[in-house]
Amino acid sequence: MWQQVELSLKPYARGFHLITGNIEQALSELLPVHCGLLHVFIQHSSASLTINENADPTVRDDMERHFNQFVPENASYYRHTYEGPDDMPAHIKTSILGSSISIPITNGKINLGLWQGIYLGEHRDQGNSRTLVLTISGE
Amino acid sequence: MWQQVELSLKPYARGFHLITGNIEQALSELLPVHCGLLHVFIQHSSASLTINENADPTVRDDMERHFNQFVPENASYYRHTYEGPDDMPAHIKTSILGSSISIPITNGKINLGLWQGIYLGEHRDQGNSRTLVLTISGE
Amino acid sequence: MWQQVELSLKPYARGFHLITGNIEQALSELLPVHCGLLHVFIQHSSASLTINENADPTVRDDMERHFNQFVPENASYYRHTYEGPDDMPAHIKTSILGSSISIPITNGKINLGLWQGIYLGEHRDQGNSRTLVLTISGE
């Protein structure tokens with residue numbers, strides 16, 4: 001059984017944001033799957049998806065500060081700078097973190113660990129609404 | 001056909017460890033799939049999964065040294081430091097490397113390249129037993 | 001419905017290369033899937049797959065320059081240097097970027113965003129032909 005749904009997120013500020021609840025709400029409108037996989041894909045090249053600690057907001061803030069340090073703005077070697085200093089770093093962060101996540105579905109629920117949540121990485125200063133494609137398969 | 005099994009790894013020292021054999025052993029207890037995919041998910045936010053060179057242990061050691069250099073402990077910008085200097089770097093490494101891998105199954109076997117193996121990245125000084133969820137689907 | 005095909009890429013120069021067209025051509029020889037997932041796996045530990053901006057070649061060049069800066073050659077901490085200064089950095093880049101991508105299939109087509117393309121990351125100076133395994137599943 002295959003089901004797919006598109007999910008439009010509201011615009012988020014630059015940084016990392018917990019979106020586990022948004023995903024779960026979108027899934028609640030689909031037929032239940034007992035055993036399978038959830039695949040979440042982001043259709044953008046300046047925003048990313050990753051799984052990390054779900055409890056302490058300072059983790060998300062530290063992630064943002066680390067990535068700003070190690071994927072700096074205004075590096076002398078950038079040529080793709082048309083859309084501002086956040087343009088090229090946003091692309092690099094997207095490839096480091098990735099454009100999709102996948103999570104097992106067990107007994108009808110996404111089987112995250114106790115401390116895991118789904119993060120949106122918004123890497124532009126003025127990111128627009130981001131579109132996700134959720135695919136669930138299983139039986 | 002969908003099958004899922006949980007695999008508890010023994011505690012590993014901080015660093016990268018080849019766990020291809022552990023995965024293959026867990027799969028041997030499932031019904032064979034001719035053509036499909038294996039998905040391996042780690043239910044933790046301080047340990048990761050990745051695929052890399054399977055022969056020379058210095059690759060795993062160099063990986064550990066590189067990540068320690070580029071995701072340093074005690075960075076001045078960290079706020080999430082409650083559990084010690086290895087806490088926040090472990091979260092960042094997890095997102096850079098990822099929480100899942102997926103590998104094609106071809107003719108009943110996981111279709112890794114000749115030099116590929118599955119690594120556990122243990123990013124805490126004192127990591128506990130880590131839980132993996134293996135999902136195989138196919139026909 | 002599960003289908004799998006192997007795709008041999010011609011040797012590419014070190015750097016990032018758009019291979020969306022190669023993937024689409026290989027898929028055109030398979031039976032169409034209305035709703036599902038495409039999984040692309042690279043069977044090597046010195047080359048990677050990632051999804052990023054599909055229009056401006058300077059993005060690929062800036063990616064190469066950034067990764068060369070932050071995964072340097074000749075780092076004093078490398079021990080795995082048998083095959084030259086590009087050897088160990090190639091392994092590290094592969095784990096940072098990843099060995100597989102997966103993309104939703106919607107209405108019979110891979111559902112990339114408008115600005116997304118599939119990149120091969122060739123991390124060796126003299127990379128050979130690289131083998132991909134494409135798996136599509138769905139209905």
# chains A, B, ... in the order shown; residues from 1 in each chain; ligands from 1

call {"tool": "interface_residues", "arguments": {"of": "chain B", "to": "chain C", "cutoff": "9 Å", "atoms": "only C-alpha atoms", "output": "VMD selection string"}}
result
chain B and resid 35 to 37 50 to 54 56 to 59 61 to 63 65 to 67 70 96 to 98 101 to 104 106 111 to 117 138 to 139

call {"tool": "select_by_dssp", "arguments": {"residues": "chain C", "states": "strand (DSSP E or B)", "output": "ChimeraX atom specification"}}
result
/C:2-8,15-18,35-42,47-53,100-106,109-110,116-122,131-138

call {"tool": "residues_around", "arguments": {"residues": "Pro11 in chain A", "least_positions_apart": "2", "cutoff": "9 Å", "atoms": "only C-alpha atoms", "output": "number ranges by chain"}}
result
A: 9, 13, 122, 126-130

call {"tool": "write_last_selection", "arguments": {"atoms": "N, CA, C and O atoms", "output": "mmCIF file, in the first residue's frame"}}
result
data_model
loop_
_atom_site.group_PDB
_atom_site.id
_atom_site.type_symbol
_atom_site.label_atom_id
_atom_site.label_comp_id
_atom_site.auth_asym_id
_atom_site.auth_seq_id
_atom_site.Cartn_x
_atom_site.Cartn_y
_atom_site.Cartn_z
ATOM 1 N N LEU A 9 4.755 23.889 4.560
ATOM 2 C CA LEU A 9 5.086 24.476 5.855
ATOM 3 C C LEU A 9 4.970 25.991 5.758
ATOM 4 O O LEU A 9 5.267 26.573 4.719
ATOM 5 N N ALA A 13 11.913 31.169 10.266
ATOM 6 C CA ALA A 13 13.133 31.971 10.337
ATOM 7 C C ALA A 13 14.340 31.069 10.058
ATOM 8 O O ALA A 13 14.281 29.849 10.223
ATOM 9 N N GLU A 122 16.159 25.583 7.945
ATOM 10 C CA GLU A 122 15.912 26.706 7.014
ATOM 11 C C GLU A 122 17.209 27.490 6.903
ATOM 12 O O GLU A 122 17.689 28.049 7.892
ATOM 13 N N GLN A 126 15.522 34.771 4.429
ATOM 14 C CA GLN A 126 14.097 34.996 4.181
ATOM 15 C C GLN A 126 13.526 33.811 3.422
ATOM 16 O O GLN A 126 13.183 33.918 2.255
ATOM 17 N N GLY A 127 13.460 32.667 4.073
ATOM 18 C CA GLY A 127 12.924 31.483 3.409
ATOM 19 C C GLY A 127 11.419 31.586 3.260
ATOM 20 O O GLY A 127 10.732 32.080 4.144
ATOM 21 N N ASN A 128 10.921 31.116 2.122
ATOM 22 C CA ASN A 128 9.478 31.085 1.918
ATOM 23 C C ASN A 128 8.889 29.818 2.502
ATOM 24 O O ASN A 128 9.593 29.037 3.131
ATOM 25 N N SER A 129 7.625 29.621 2.267
ATOM 26 C CA SER A 129 6.968 28.352 2.587
ATOM 27 C C SER A 129 7.715 27.224 1.877
ATOM 28 O O SER A 129 8.052 27.347 0.700
ATOM 29 N N ARG A 130 7.982 26.143 2.598
ATOM 30 C CA ARG A 130 8.698 25.000 2.022
ATOM 31 C C ARG A 130 7.726 23.842 1.832
ATOM 32 O O ARG A 130 6.870 23.600 2.698
#

call {"tool": "residues_around", "arguments": {"residues": "Gln25 in chain C", "least_positions_apart": "5", "cutoff": "12 Å", "atoms": "only C-alpha atoms", "output": "MDAnalysis selection string"}}
result
chainID C and resid 5 7 19:20 30 110 134

call {"tool": "write_last_selection", "arguments": {"atoms": "N, CA, C and O atoms", "output": "short mmCIF file (atom, residue, chain, number, x, y, z; two decimals), in the first residue's frame"}}
result
data_model
loop_
_atom_site.label_atom_id
_atom_site.label_comp_id
_atom_site.auth_asym_id
_atom_site.auth_seq_id
_atom_site.Cartn_x
_atom_site.Cartn_y
_atom_site.Cartn_z
N VAL C 5 17.74 -1.67 -11.62
CA VAL C 5 18.63 -1.65 -12.78
C VAL C 5 19.97 -1.05 -12.36
O VAL C 5 20.03 -0.18 -11.50
N LEU C 7 23.37 1.03 -13.37
CA LEU C 7 23.74 2.08 -14.32
C LEU C 7 25.21 2.39 -14.15
O LEU C 7 25.66 2.77 -13.07
N ILE C 19 23.67 14.61 -12.82
CA ILE C 19 23.40 13.35 -13.52
C ILE C 19 21.90 13.04 -13.55
O ILE C 19 21.52 11.89 -13.76
N THR C 20 21.07 14.07 -13.38
CA THR C 20 19.62 13.85 -13.43
C THR C 20 19.22 13.19 -14.75
O THR C 20 18.41 12.25 -14.75
N LEU C 30 12.27 1.28 -17.67
CA LEU C 30 11.53 0.45 -16.71
C LEU C 30 10.03 0.68 -16.89
O LEU C 30 9.61 1.67 -17.50
N ILE C 110 9.65 11.39 -11.32
CA ILE C 110 10.37 11.71 -10.09
C ILE C 110 10.04 13.16 -9.74
O ILE C 110 10.13 14.06 -10.56
N LEU C 134 19.77 1.46 -9.21
CA LEU C 134 18.48 2.16 -9.12
C LEU C 134 17.40 1.16 -8.74
O LEU C 134 17.27 0.12 -9.39
#

call {"tool": "select_by_dssp", "arguments": {"residues": "range 20-101 of chain A", "states": "alpha helix (DSSP H)", "output": "number ranges by chain"}}
result
A: 20-27, 57-70, 87-97

call {"tool": "write_last_selection", "arguments": {"atoms": "N, CA and C atoms", "output": "mmCIF file, in the first residue's frame"}}
result
data_model
loop_
_atom_site.group_PDB
_atom_site.id
_atom_site.type_symbol
_atom_site.label_atom_id
_atom_site.label_comp_id
_atom_site.auth_asym_id
_atom_site.auth_seq_id
_atom_site.Cartn_x
_atom_site.Cartn_y
_atom_site.Cartn_z
ATOM 1 N N THR A 20 8.186 17.662 13.939
ATOM 2 C CA THR A 20 7.609 16.321 14.138
ATOM 3 C C THR A 20 6.083 16.398 14.179
ATOM 4 N N GLY A 21 5.550 17.379 14.905
ATOM 5 C CA GLY A 21 4.094 17.508 15.034
ATOM 6 C C GLY A 21 3.408 17.750 13.697
ATOM 7 N N ASN A 22 4.003 18.596 12.859
ATOM 8 C CA ASN A 22 3.431 18.854 11.529
ATOM 9 C C ASN A 22 3.349 17.572 10.708
ATOM 10 N N ILE A 23 4.412 16.765 10.795
ATOM 11 C CA ILE A 23 4.446 15.511 10.031
ATOM 12 C C ILE A 23 3.384 14.551 10.569
ATOM 13 N N GLU A 24 3.313 14.424 11.880
ATOM 14 C CA GLU A 24 2.341 13.502 12.475
ATOM 15 C C GLU A 24 0.907 13.907 12.134
ATOM 16 N N GLN A 25 0.653 15.204 12.111
ATOM 17 C CA GLN A 25 -0.694 15.656 11.772
ATOM 18 C C GLN A 25 -1.038 15.303 10.318
ATOM 19 N N ALA A 26 -0.076 15.494 9.416
ATOM 20 C CA ALA A 26 -0.331 15.138 8.011
ATOM 21 C C ALA A 26 -0.557 13.638 7.857
ATOM 22 N N LEU A 27 0.174 12.844 8.631
ATOM 23 C CA LEU A 27 0.027 11.384 8.545
ATOM 24 C C LEU A 27 -1.329 10.937 9.073
ATOM 25 N N PRO A 57 15.837 23.314 23.199
ATOM 26 C CA PRO A 57 15.990 24.230 22.055
ATOM 27 C C PRO A 57 17.423 24.706 21.853
ATOM 28 N N THR A 58 18.275 24.623 22.881
ATOM 29 C CA THR A 58 19.666 25.069 22.671
ATOM 30 C C THR A 58 20.415 24.151 21.704
ATOM 31 N N VAL A 59 19.950 22.907 21.543
ATOM 32 C CA VAL A 59 20.575 22.031 20.532
ATOM 33 C C VAL A 59 20.371 22.635 19.146
ATOM 34 N N ARG A 60 19.137 23.074 18.875
ATOM 35 C CA ARG A 60 18.870 23.667 17.559
ATOM 36 C C ARG A 60 19.682 24.955 17.372
ATOM 37 N N ASP A 61 19.803 25.755 18.415
ATOM 38 C CA ASP A 61 20.581 26.995 18.322
ATOM 39 C C ASP A 61 22.072 26.701 18.113
ATOM 40 N N ASP A 62 22.586 25.709 18.830
ATOM 41 C CA ASP A 62 24.005 25.352 18.674
ATOM 42 C C ASP A 62 24.272 24.788 17.276
ATOM 43 N N MET A 63 23.328 24.017 16.759
ATOM 44 C CA MET A 63 23.460 23.513 15.385
ATOM 45 C C MET A 63 23.597 24.703 14.426
ATOM 46 N N GLU A 64 22.729 25.680 14.568
ATOM 47 C CA GLU A 64 22.769 26.843 13.680
ATOM 48 C C GLU A 64 24.112 27.560 13.803
ATOM 49 N N ARG A 65 24.594 27.758 15.032
ATOM 50 C CA ARG A 65 25.864 28.460 15.217
ATOM 51 C C ARG A 65 27.027 27.646 14.650
ATOM 52 N N HIS A 66 26.987 26.323 14.849
ATOM 53 C CA HIS A 66 28.076 25.505 14.302
ATOM 54 C C HIS A 66 28.102 25.569 12.772
ATOM 55 N N PHE A 67 26.946 25.400 12.163
ATOM 56 C CA PHE A 67 26.926 25.388 10.696
ATOM 57 C C PHE A 67 27.295 26.762 10.120
ATOM 58 N N ASN A 68 26.963 27.827 10.836
ATOM 59 C CA ASN A 68 27.373 29.162 10.357
ATOM 60 C C ASN A 68 28.886 29.358 10.443
ATOM 61 N N GLN A 69 29.496 28.683 11.406
ATOM 62 C CA GLN A 69 30.943 28.753 11.572
ATOM 63 C C GLN A 69 31.648 27.938 10.474
ATOM 64 N N PHE A 70 31.127 26.761 10.211
ATOM 65 C CA PHE A 70 31.856 25.835 9.336
ATOM 66 C C PHE A 70 31.385 25.864 7.888
ATOM 67 N N ASP A 87 23.243 32.744 0.265
ATOM 68 C CA ASP A 87 22.846 31.905 -0.874
ATOM 69 C C ASP A 87 23.664 30.609 -0.958
ATOM 70 N N MET A 88 24.961 30.753 -1.185
ATOM 71 C CA MET A 88 25.789 29.553 -1.377
ATOM 72 C C MET A 88 25.901 28.718 -0.099
ATOM 73 N N PRO A 89 26.098 29.348 1.093
ATOM 74 C CA PRO A 89 26.106 28.531 2.313
ATOM 75 C C PRO A 89 24.828 27.690 2.462
ATOM 76 N N ALA A 90 23.691 28.239 2.037
ATOM 77 C CA ALA A 90 22.429 27.481 2.145
ATOM 78 C C ALA A 90 22.483 26.215 1.295
ATOM 79 N N HIS A 91 23.053 26.311 0.100
ATOM 80 C CA HIS A 91 23.170 25.119 -0.754
ATOM 81 C C HIS A 91 24.096 24.076 -0.112
ATOM 82 N N ILE A 92 25.227 24.538 0.419
ATOM 83 C CA ILE A 92 26.183 23.588 1.001
ATOM 84 C C ILE A 92 25.583 22.893 2.225
ATOM 85 N N LYS A 93 24.925 23.670 3.097
ATOM 86 C CA LYS A 93 24.292 23.074 4.273
ATOM 87 C C LYS A 93 23.254 22.026 3.867
ATOM 88 N N THR A 94 22.525 22.325 2.798
ATOM 89 C CA THR A 94 21.498 21.388 2.331
ATOM 90 C C THR A 94 22.109 20.048 1.948
ATOM 91 N N SER A 95 23.245 20.073 1.252
ATOM 92 C CA SER A 95 23.870 18.800 0.862
ATOM 93 C C SER A 95 24.505 18.086 2.051
ATOM 94 N N ILE A 96 25.030 18.830 3.016
ATOM 95 C CA ILE A 96 25.623 18.181 4.187
ATOM 96 C C ILE A 96 24.540 17.486 5.010
ATOM 97 N N LEU A 97 23.399 18.140 5.160
ATOM 98 C CA LEU A 97 22.338 17.603 6.019
ATOM 99 C C LEU A 97 21.404 16.671 5.269
#

call {"tool": "atom_distance", "arguments": {"atom1": "CA of Ser76 in chain B", "atom2": "CA of Asp125 in chain B"}}
result
20.2 Å

call {"tool": "atom_distance", "arguments": {"atom1": "CA of Ser8 in chain B", "atom2": "CA of Leu120 in chain B"}}
result
12.2 Å
